Every structure is written in structure tokens, then in C-alpha cells.
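Raw contents of input-v8.tsv, TSV, C-alpha atoms:
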```
chain	number	residue	atom	x	y	z
Y	10	MET	CA	2.86	-6.17	-15.86
Y	11	THR	CA	2.18	-3.26	-13.52
Y	12	ASN	CA	0.23	-0.05	-13.99
Y	13	LEU	CA	0.71	3.51	-12.90
Y	14	TRP	CA	-2.65	5.21	-12.19
Y	15	ALA	CA	-3.41	8.93	-12.48
Y	16	VAL	CA	-6.38	11.32	-12.34
Y	17	ASN	CA	-6.34	14.50	-14.40
Y	18	SER	CA	-7.93	17.84	-13.46
Y	19	LEU	CA	-11.16	16.88	-15.32
Y	20	GLY	CA	-11.65	13.74	-13.18
Y	21	LYS	CA	-10.58	11.24	-15.87
Y	22	VAL	CA	-8.59	8.18	-14.79
Y	23	TYR	CA	-5.61	7.00	-16.85
Y	24	THR	CA	-3.23	4.05	-16.63
Y	25	LEU	CA	0.27	3.61	-17.92
Y	26	SER	CA	1.40	0.01	-18.23
Y	27	THR	CA	5.00	-1.13	-18.05
Y	28	ASN	CA	4.31	-2.78	-21.43
Y	29	ASP	CA	3.03	0.41	-23.15
Y	30	ASP	CA	4.47	3.77	-24.04
Y	31	HIS	CA	1.25	5.82	-23.70
Y	32	TRP	CA	-1.46	6.61	-21.19
Y	33	THR	CA	-4.83	4.83	-21.59
Y	34	GLU	CA	-8.08	6.40	-20.36
Y	35	LEU	CA	-10.43	4.13	-18.46
Y	36	ILE	CA	-14.10	4.46	-19.37
Y	37	SER	CA	-15.88	6.12	-16.45
Y	38	ASP	CA	-19.51	6.46	-17.65
Y	39	GLY	CA	-19.54	10.16	-16.83
Y	40	ILE	CA	-18.16	9.80	-13.31
Y	41	ASP	CA	-15.49	12.35	-12.38
Y	42	PHE	CA	-12.91	11.02	-9.95
Y	43	LYS	CA	-10.82	12.97	-7.48
Y	44	LYS	CA	-8.52	10.30	-6.01
Y	45	VAL	CA	-7.39	6.78	-6.87
Y	46	ALA	CA	-5.50	4.20	-4.86
Y	47	ALA	CA	-4.20	1.19	-6.75
Y	48	HIS	CA	-3.42	-2.33	-5.59
Y	49	GLU	CA	-2.14	-5.26	-7.61
Y	50	PHE	CA	-5.64	-6.75	-8.02
Y	51	PHE	CA	-7.99	-3.74	-7.88
Y	52	THR	CA	-8.19	0.05	-7.70
Y	53	TRP	CA	-10.27	2.20	-5.35
Y	54	ALA	CA	-11.49	5.66	-6.35
Y	55	ILE	CA	-13.41	8.52	-4.77
Y	56	SER	CA	-15.65	10.47	-7.10
Y	57	GLY	CA	-16.40	14.19	-7.06
Y	58	ASP	CA	-19.63	13.54	-5.13
Y	59	HIS	CA	-17.73	11.49	-2.48
Y	60	GLN	CA	-18.91	8.07	-3.66
Y	61	ILE	CA	-16.51	5.13	-3.40
Y	62	TYR	CA	-15.87	3.00	-6.48
Y	63	ILE	CA	-13.79	-0.06	-7.24
Y	64	TYR	CA	-12.26	-1.15	-10.54
Y	65	VAL	CA	-11.34	-4.84	-10.85
Y	66	PRO	CA	-9.50	-5.92	-14.00
Y	67	THR	CA	-10.33	-9.34	-15.43
Y	68	ARG	CA	-7.95	-12.03	-14.20
Y	69	ASP	CA	-7.35	-15.66	-15.08
Y	70	ILE	CA	-8.72	-16.66	-11.68
Y	71	PRO	CA	-12.30	-15.47	-11.08
Y	72	ILE	CA	-13.48	-13.88	-7.84
Y	73	ARG	CA	-15.93	-16.38	-6.37
Y	74	CYS	CA	-17.73	-16.84	-3.06
Y	75	ARG	CA	-19.27	-20.06	-1.82
Y	76	VAL	CA	-22.54	-19.98	0.11
Y	77	VAL	CA	-23.66	-22.99	2.13
Y	78	THR	CA	-26.81	-24.08	3.92
Y	79	TYR	CA	-27.78	-27.36	5.56
Y	80	GLU	CA	-31.11	-29.16	5.17
Y	81	ASN	CA	-32.10	-30.95	8.39
Y	82	GLU	CA	-34.66	-33.69	8.98
Y	83	ARG	CA	-35.75	-35.92	11.88
Y	84	TRP	CA	-36.98	-39.51	11.85
Y	85	ASN	CA	-40.71	-39.95	12.47
Y	86	PRO	CA	-41.75	-43.57	13.19
Y	87	PHE	CA	-44.98	-43.13	11.21
Y	88	SER	CA	-43.72	-41.35	8.10
Y	89	GLY	CA	-39.93	-41.76	8.00
Y	90	PHE	CA	-37.61	-38.79	7.74
Y	91	SER	CA	-39.52	-35.54	7.80
Y	92	THR	CA	-39.08	-31.77	7.88
Y	93	LYS	CA	-41.22	-31.77	11.06
Y	94	LEU	CA	-38.57	-31.19	13.70
Y	95	LEU	CA	-38.81	-30.99	17.47
Y	96	PRO	CA	-39.12	-27.51	19.01
Y	97	THR	CA	-35.62	-27.90	20.45
Y	98	ASP	CA	-34.09	-28.93	17.09
Y	99	ARG	CA	-32.25	-26.71	14.68
Y	100	PRO	CA	-34.26	-25.09	11.84
Y	101	HIS	CA	-35.12	-27.10	8.72
Y	102	TRP	CA	-32.51	-24.98	6.84
Y	103	SER	CA	-29.55	-23.90	8.96
Y	104	SER	CA	-25.88	-23.08	9.35
Y	105	ALA	CA	-23.46	-25.96	10.02
Y	106	ASP	CA	-23.78	-25.49	13.79
Y	107	GLY	CA	-27.57	-25.18	13.57
Y	108	LEU	CA	-27.69	-21.81	15.33
Y	109	ALA	CA	-28.80	-19.70	12.35
Y	110	SER	CA	-31.80	-20.25	10.10
Y	111	LEU	CA	-30.58	-20.15	6.46
Y	112	PRO	CA	-33.35	-21.02	3.98
Y	113	GLN	CA	-32.11	-21.20	0.40
Y	114	GLU	CA	-34.57	-18.52	-0.74
Y	115	ASN	CA	-33.03	-16.04	1.73
Y	116	PHE	CA	-29.68	-16.00	-0.09
Y	117	HIS	CA	-29.48	-12.95	-2.32
Y	118	LEU	CA	-26.68	-11.42	-4.36
Y	119	PRO	CA	-25.03	-8.55	-2.42
Y	120	SER	CA	-25.14	-6.19	-5.42
Y	121	LYS	CA	-25.51	-6.03	-9.19
Y	122	SER	CA	-21.78	-6.73	-9.39
Y	123	TRP	CA	-22.40	-10.43	-8.67
Y	124	ASP	CA	-24.05	-13.30	-10.61
Y	125	TRP	CA	-24.95	-16.81	-9.55
Y	126	GLU	CA	-22.76	-19.33	-11.35
Y	127	GLU	CA	-25.21	-22.20	-11.08
Y	128	GLU	CA	-28.16	-23.55	-9.13
Y	129	TRP	CA	-27.87	-25.12	-5.69
Y	130	TYR	CA	-26.30	-28.58	-5.59
Y	131	VAL	CA	-25.80	-31.19	-2.86
Y	132	GLU	CA	-22.31	-31.92	-1.52
Y	133	ASP	CA	-21.36	-35.44	-2.65
Y	134	ASN	CA	-18.80	-36.35	0.04
Y	135	LEU	CA	-18.23	-36.11	3.78
Y	136	ASP	CA	-14.58	-35.63	4.71
Y	137	GLY	CA	-13.54	-37.41	1.52
Y	138	GLN	CA	-16.02	-40.27	1.90
Y	139	PRO	CA	-18.48	-40.49	-1.00
Y	140	LEU	CA	-22.15	-40.08	-0.14
Y	141	GLU	CA	-25.17	-41.69	-1.73
Y	142	PRO	CA	-26.67	-39.61	-4.59
Y	143	GLU	CA	-29.08	-37.68	-2.35
Y	144	GLY	CA	-26.17	-36.54	-0.15
Y	145	TRP	CA	-27.64	-37.26	3.29
Y	146	THR	CA	-25.44	-37.76	6.37
Y	147	TYR	CA	-26.83	-39.36	9.52
Y	148	ALA	CA	-26.51	-39.02	13.30
Y	149	ALA	CA	-28.25	-40.07	16.50
Y	150	ASP	CA	-29.23	-36.48	17.34
Y	151	PHE	CA	-28.47	-32.79	16.71
Y	152	PRO	CA	-25.69	-31.70	17.18
Y	153	ALA	CA	-23.54	-34.78	16.70
Y	154	SER	CA	-20.92	-36.14	14.40
Y	155	TYR	CA	-22.41	-37.23	11.12
Y	156	SER	CA	-21.75	-40.38	9.13
Y	157	PRO	CA	-22.48	-41.26	5.51
Y	158	ASN	CA	-24.05	-44.52	6.73
Y	159	LYS	CA	-27.61	-44.84	8.01
Y	160	THR	CA	-27.86	-47.09	11.08
Y	161	TRP	CA	-30.66	-48.33	13.37
Y	162	ASN	CA	-30.23	-45.30	15.65
Y	163	SER	CA	-30.01	-42.65	12.93
Y	164	LEU	CA	-32.73	-40.32	14.17
Y	165	VAL	CA	-31.61	-37.18	12.30
Y	166	ARG	CA	-30.05	-36.47	8.97
Y	167	ARG	CA	-28.75	-33.46	7.09
Y	168	ARG	CA	-27.29	-32.60	3.73
Y	169	LYS	CA	-25.11	-29.76	2.66
Y	170	TRP	CA	-26.27	-27.51	-0.18
Y	171	ILE	CA	-23.72	-25.30	-2.00
Y	172	ARG	CA	-23.93	-22.46	-4.47
Y	173	TYR	CA	-21.30	-20.10	-5.87
Y	174	ARG	CA	-21.53	-16.47	-6.83
Y	175	ARG	CA	-19.04	-14.77	-9.13
Y	176	PHE	CA	-17.96	-11.14	-9.24
Y	177	CYS	CA	-18.95	-9.99	-12.72
Y	178	ALA	CA	-18.22	-6.26	-12.62
Y	179	THR	CA	-14.74	-6.50	-14.06
Y	180	ASN	CA	-13.13	-3.85	-16.27
Y	181	LYS	CA	-15.60	-1.19	-15.15
Y	182	TRP	CA	-16.14	1.12	-12.20
Y	183	SER	CA	-18.59	-0.25	-9.60
Y	184	LEU	CA	-20.15	1.73	-6.79
Y	185	VAL	CA	-19.14	0.25	-3.43
Y	186	ILE	CA	-20.98	2.41	-0.89
Y	187	ASP	CA	-23.66	5.02	-1.37
Y	188	ILE	CA	-22.89	7.70	1.21
```
Any chance you could give the structure as C-alpha cells?
Amino acid sequence: MTNLWAVNSLGKVYTLSTNDDHWTELISDGIDFKKVAAHEFFTWAISGDHQIYIYVPTRDIPIRCRVVTYENERWNPFSGFSTKLLPTDRPHWSSADGLASLPQENFHLPSKSWDWEEEWYVEDNLDGQPLEPEGWTYAADFPASYSPNKTWNSLVRRRKWIRYRRFCATNKWSLVIDI
């Protein structure tokens, strides 16, 4: 099914589907549009006050984004693995390469058009190898190649935390940029 999109002189947006024989007005919540540009998966529009909007119809496959952060710890001979890292180590919460600090609480939804699907969870495998329930991988030092097995020289460990966000503003006009 494909749609033909049109804007009338009053700023109302209409679609004509290849399956229908009549035009259907899209609810615009009082927004008057001047131009529309349609794509197979979404439609862009410019309103009378020069704001940019997007309309995304509901699909069978949701729009999702994965966010990832890594929890890092170092071995302390007196207390075991600890969040007390060396000054030269990566941050306690970081990107995969350790260059960026990425605490879980710093991840925010980009707009009201997104919802979190679930809480954070720990990755349960490393390159297809199952991990123990806590999800830690071990290495001799940062940065190094990690293993699911703890050995006598495992001085650092990390685990991968994952969370998904889902685009929830389907079948309605959403403001993209406030100019």
C-alpha cells in the first residue's frame, strides 16, 4: 500500500491510499502545514510558523535504539574487585573503549517521542560464549581483550549493560526542531 500526500489551502494534510477511493484527513492538533514530503516510512512537514514535524505511521517492526554502557572494576588485594580504580584507568562507567564516561543515570530520552522499553540489564554472553549470571568479563588490564573466565592474573573486569528505547510517537505529528 502506498499513499499520496497533499496539503490544502487551510493547512490540513490529507492522504489517499492505493486501497481507498477517498482522501483521509490526518489529525493535526491545530497545526497548519505548508509543505509535506513523504517517504515510505515517514513524512516530513513544515508548519506555517516554520517548525519541522515528522509523522511516523505504526509499523509491524518498531523503531528502537539500543544504548550501552560498561561497568568497570579493578582488583584490590585487600577487598577484592572494587569500583576504586587507578587514576590512569577508565571511568567506573564508560564506553566500550573506555574513553567516554557514561554513567547509567546520564542516559536520558531525547524527546517525549521516546519511551524506555525496560530497565537496564546485563549482557549474558561474550562473542557467543555464555557468561556467569552477573555478566562479568575479565582481563589482565585496561584496555585488553576480555574473557568470560576469571584467572589468577585477572586484575580488571567489566560488564556490559544494555537498555532499549522505543519511538512511541506514531500516527501523530511530532515536533522535530524548534527553530
For Trp145 (chain Y), which residue among Y:Glu82, Y:Asp30, Y:Glu114, Y:Asp58 is the nearest when counting only C-alpha atoms? Y:Glu82
Which of these residues is nearest to Phe50 (chain Y), using only C-alpha atoms: Y:Asn12, Y:Gln138, Y:Asp38, Y:Trp32? Y:Asn12
For region 182-185 of chain Y, please output as a list in words all residues within 6 Å (counting all atoms listed in the file; exclusion window: fewer than 2 positions along the same chain).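 Close residues of region 182-185 of chain Y: Ile61, Tyr62, Ile63 and Tyr64 of chain Y.
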To one decimal in Å, tell me the separation between CA of Arg75 (chain Y) and CA of Phe116 (chain Y). 11.3 Å
Within 7 Å of (-21.5, -32.0, 1.6), in the coordinates the file gives, what residues turn up when you count only C-alpha atoms, written out as a PyMOL selection string? chain Y and resi 131-135+144+168-170
Exercise: residues within 10 Å of coordinate (-13.8, 7.5, -13.4), counting all atoms listed in the file, as a PyMOL selection string: chain Y and resi 16+19-23+34-45+54-57+62-64+181-183
Between CA of Arg175 (chain Y) and CA of Arg73 (chain Y), what is the spacing in Å?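 Result for CA of Arg73 (chain Y) versus CA of Arg175 (chain Y): 4.5 Å, one decimal.
You will find CA of Thr11 (chain Y) at 7.6 Å from CA of Glu49 (chain Y).
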Taking into account all atoms listed in the file, which residue in the set Y:Asn158, Y:Leu164, Y:Val76, Y:Asp124 is nearest to Pro139 (chain Y)?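 Smallest distance to Pro139 (chain Y) is found for Y:Asn158.
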Grab all the atoms of region 88-101 of chain Y that the file lists, wrap them in a box along x, y and z, add 4 Å per side, and give me centre plus edge lengths in Å (one decimal) as JSON.
```
{"center_x": -38.0, "center_y": -33.4, "center_z": 14.1, "size_x": 19.5, "size_y": 24.7, "size_z": 20.7}
```
